[in-house]
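S.K.: Once you've had a glance at the structure underneath, I'll fire off some questions.
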Amino acid sequence: LTRLYAPLTGLANARVEIMSALVSFDRVFEIMDLKPMIVEKPDARPLPAGPLSVAVKDVSFAYPSADQVSLASLEDVAVLDSRQSATVLKGISFTVPAGSTTALVGSSGAGKSTIAQLVSRLYDVEAGSIELGEMNVKDATFASMRSSIGMVTQDGHMFHDTIRNNLLLAAPEASEDEVWDALRRARLEPLVRAMPDGLDTVVGERGYRLSGGERQRMTIARLLLQAPRIVILDEATAALDSTNEAAVQAALAEALQGRTAIIIAHRLSTIRDADSILVVEDGEIIEQGNHYELLELKGRYAELHETQFSRH
Ligand code: ATP
């Protein structure tokens, strides 16, 4: 049975990955022969127009156990395991006002990425609710969720395809000018102009090798093209060289301008300006405030700050 777990976890991760690349939910389930755990209601409506706030209301959550993620072909085996996985979030509540930035910090495994996944409805909450612009995500159409939420993941994943196709994933209708504009704003224009095939350069494994910072800026360019109202950013843990770091920060600042943002921060230096910082530990919010308020508190945030900056 332990063998069964590994592929299931793998699939769950693949689902997140593919979803963040904006491929249709239905197609993913079709390919994987999975029964969808998340379904669109027959009477689902698009999210409301205009800037969107994010409200997490008394949310508790445990990842589904293997028997709930039943693979059609392995169903009989999968149902044998009825153990419940541990509760990851324990009744958390917070609001991100439309157009503002909230950062999540805390130890590894505290539940930060889980919060981000619930806001994008990769899983459904067990108790409580998630509301975007005051609409419960369970009532929203998948199409409006996909176009309204943009995710920037840690590794800046690029498909083994041309730069053009990688960017158009987010906005299939975008014109050539819009693609170049996004590249310019992501500080990538000179690099792509210098490539022999320009936008038709194939990247990824076996293709043109982009550096970590360049890959991150590509995902930012993709985000700028998608122009979602909500941005969820899982900050990279890997350190970038200072030129790349500065370029990534500048591009990000531009991408977040005027949008509602949730940043999972690993380096505290990047979230000083966040409107609100939540310290998450063991599935609960233990401190909340801006950078200065939290330093003043001399609690967990101040401690994290001390540890990070004394290391450098
Ligand atoms: P990090 O800073 O390391 O990214 P985090 O605060 O984002 O950590 P989460 O990734 O949300 O933490 O994980 C919270 C808990 O949920 C951990 O105990 C983790 O092992 C568990 N977990 C995360 N993803 C899954 C999954 N797909 N299936 C089962 N359990 C999971």
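FYI, nothing fancy with the structure tokens labels: chains A, B, ... in order, residues from 1 per chain, ligands from 1 as they appear.
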Which residues form the shell of 6 Å around ligand 1 when you count only C-alpha atoms and all ligand atoms, given as a list in words?
M.R.: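 Residues satisfying the distance criterion: Thr9, Ala12, Tyr63, Val88, Ser107, Ser108, Gly109, Ala110, Gly111, Lys112, Ser113 and Thr114 of chain A.
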S.K.: Write out as a PyMOL selection string each polymer residue whose atoms come within 10 Å of Pro51 in chain A, counting only C-alpha atoms; drop sequence neighbours fewer than 5 positions from it.
M.R.: chain A and resi 97-99+132-133+148+228-230+258-260
S.K.: Could you save the residues just selected, with N, CA and C atoms, as an mmCIF file, in the first residue's frame?
M.R.:
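File written: selection07.cif
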data_model
loop_
_atom_site.group_PDB
_atom_site.id
_atom_site.type_symbol
_atom_site.label_atom_id
_atom_site.label_comp_id
_atom_site.auth_asym_id
_atom_site.auth_seq_id
_atom_site.Cartn_x
_atom_site.Cartn_y
_atom_site.Cartn_z
ATOM 1 N N PRO A 97 -7.788 42.791 1.112
ATOM 2 C CA PRO A 97 -8.623 43.750 0.385
ATOM 3 C C PRO A 97 -8.191 43.846 -1.079
ATOM 4 N N ALA A 98 -9.141 44.119 -1.970
ATOM 5 C CA ALA A 98 -8.841 44.209 -3.397
ATOM 6 C C ALA A 98 -7.685 45.180 -3.623
ATOM 7 N N GLY A 99 -6.730 44.780 -4.427
ATOM 8 C CA GLY A 99 -5.608 45.653 -4.776
ATOM 9 C C GLY A 99 -4.471 45.671 -3.764
ATOM 10 N N LEU A 132 -14.085 35.116 -3.159
ATOM 11 C CA LEU A 132 -13.373 36.064 -4.017
ATOM 12 C C LEU A 132 -14.397 37.110 -4.425
ATOM 13 N N GLY A 133 -14.131 38.374 -4.096
ATOM 14 C CA GLY A 133 -15.104 39.414 -4.388
ATOM 15 C C GLY A 133 -16.468 39.063 -3.801
ATOM 16 N N SER A 148 -9.125 34.761 -13.727
ATOM 17 C CA SER A 148 -8.985 35.773 -12.682
ATOM 18 C C SER A 148 -7.783 35.558 -11.773
ATOM 19 N N PRO A 228 -4.268 38.768 -14.602
ATOM 20 C CA PRO A 228 -5.322 38.296 -13.707
ATOM 21 C C PRO A 228 -5.591 39.327 -12.613
ATOM 22 N N ARG A 229 -6.760 39.253 -12.006
ATOM 23 C CA ARG A 229 -7.060 40.216 -10.937
ATOM 24 C C ARG A 229 -6.441 39.797 -9.614
ATOM 25 N N ILE A 230 -6.186 38.492 -9.484
ATOM 26 C CA ILE A 230 -5.552 37.980 -8.260
ATOM 27 C C ILE A 230 -4.268 37.264 -8.646
ATOM 28 N N GLY A 258 -1.579 47.189 -8.644
ATOM 29 C CA GLY A 258 -3.040 47.279 -8.787
ATOM 30 C C GLY A 258 -3.775 45.945 -8.660
ATOM 31 N N ARG A 259 -3.039 44.866 -8.387
ATOM 32 C CA ARG A 259 -3.724 43.570 -8.262
ATOM 33 C C ARG A 259 -3.783 43.131 -6.808
ATOM 34 N N THR A 260 -4.704 42.200 -6.546
ATOM 35 C CA THR A 260 -4.791 41.604 -5.219
ATOM 36 C C THR A 260 -3.750 40.495 -5.193
#
S.K.: Check the DSSP output for the backbone and give back, as a PyMOL selection string, the residues of range 106-171 of chain A in helix (DSSP H, G or I).
M.R.: chain A and resi 112-119+137-139+142-148+163-168
S.K.: Neighbours of range 150-166 of chain A within 8 Å (only C-alpha atoms; same-chain residues fewer than 6 positions away dropped), as a PyMOL selection string?
M.R.: chain A and resi 20+179+199-207+212+215-220+222-223+226-237
S.K.: Let's have the selection written as a PDB file, in the first residue's frame, with C-alpha atoms.
M.R.:
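This is the output file selection_24.pdb:
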ATOM      1  CA  SER A  20      -1.070  26.522 -12.863  1.00  0.00           C
ATOM      2  CA  VAL A 179       3.909  39.503 -26.229  1.00  0.00           C
ATOM      3  CA  LEU A 199      10.103  34.220 -30.031  1.00  0.00           C
ATOM      4  CA  ASP A 200      10.397  30.914 -31.890  1.00  0.00           C
ATOM      5  CA  THR A 201      13.338  29.773 -29.785  1.00  0.00           C
ATOM      6  CA  VAL A 202      12.559  26.443 -28.160  1.00  0.00           C
ATOM      7  CA  VAL A 203      13.251  26.433 -24.420  1.00  0.00           C
ATOM      8  CA  GLY A 204      13.212  23.827 -21.670  1.00  0.00           C
ATOM      9  CA  GLU A 205      14.946  20.464 -21.547  1.00  0.00           C
ATOM     10  CA  ARG A 206      17.041  19.919 -24.668  1.00  0.00           C
ATOM     11  CA  GLY A 207      16.199  23.477 -25.793  1.00  0.00           C
ATOM     12  CA  GLY A 212      16.594  30.367 -12.880  1.00  0.00           C
ATOM     13  CA  ARG A 215      12.666  31.369 -16.077  1.00  0.00           C
ATOM     14  CA  GLN A 216      11.076  33.304 -13.255  1.00  0.00           C
ATOM     15  CA  ARG A 217      10.866  36.413 -15.419  1.00  0.00           C
ATOM     16  CA  MET A 218       9.260  34.305 -18.191  1.00  0.00           C
ATOM     17  CA  THR A 219       6.520  33.303 -15.758  1.00  0.00           C
ATOM     18  CA  ILE A 220       6.148  36.969 -14.843  1.00  0.00           C
ATOM     19  CA  ARG A 222       3.139  35.134 -18.786  1.00  0.00           C
ATOM     20  CA  LEU A 223       1.390  36.703 -15.810  1.00  0.00           C
ATOM     21  CA  GLN A 226      -2.824  36.999 -18.515  1.00  0.00           C
ATOM     22  CA  ALA A 227      -3.413  40.154 -16.436  1.00  0.00           C
ATOM     23  CA  PRO A 228      -5.322  38.296 -13.707  1.00  0.00           C
ATOM     24  CA  ARG A 229      -7.060  40.216 -10.937  1.00  0.00           C
ATOM     25  CA  ILE A 230      -5.552  37.980  -8.260  1.00  0.00           C
ATOM     26  CA  VAL A 231      -1.918  36.939  -8.205  1.00  0.00           C
ATOM     27  CA  ILE A 232      -0.576  34.129  -6.078  1.00  0.00           C
ATOM     28  CA  LEU A 233       3.155  34.087  -5.887  1.00  0.00           C
ATOM     29  CA  ASP A 234       5.146  31.233  -4.419  1.00  0.00           C
ATOM     30  CA  GLU A 235       8.509  32.850  -4.033  1.00  0.00           C
ATOM     31  CA  ALA A 236      11.575  30.899  -5.066  1.00  0.00           C
ATOM     32  CA  THR A 237      13.689  29.467  -2.301  1.00  0.00           C
TER      33      THR A 237
END
S.K.: Quick one: everything within 9 Å of Leu104 in chain A, counting only C-alpha atoms, minus sequence neighbours fewer than 6 positions away in the same chain. Send it as a ChimeraX atom specification.
M.R.: /A:112,262-266,276-280
S.K.: Would you output that residue set with C-alpha atoms, as a PDB file, in the first residue's frame?
M.R.:
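Now in part27.pdb:
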ATOM      1  CA  LYS A 112       1.280  28.413   3.419  1.00  0.00           C
ATOM      2  CA  ILE A 262      -0.874  36.700  -1.895  1.00  0.00           C
ATOM      3  CA  ILE A 263       2.856  36.099  -1.629  1.00  0.00           C
ATOM      4  CA  ILE A 264       4.350  33.044   0.008  1.00  0.00           C
ATOM      5  CA  ALA A 265       7.619  34.518   1.096  1.00  0.00           C
ATOM      6  CA  HIS A 266      10.772  32.626   1.862  1.00  0.00           C
ATOM      7  CA  SER A 276      -0.137  42.798   5.678  1.00  0.00           C
ATOM      8  CA  ILE A 277       2.033  39.886   6.793  1.00  0.00           C
ATOM      9  CA  LEU A 278       0.562  36.727   8.286  1.00  0.00           C
ATOM     10  CA  VAL A 279       2.777  34.411  10.297  1.00  0.00           C
ATOM     11  CA  VAL A 280       1.497  30.854   9.841  1.00  0.00           C
TER      12      VAL A 280
END
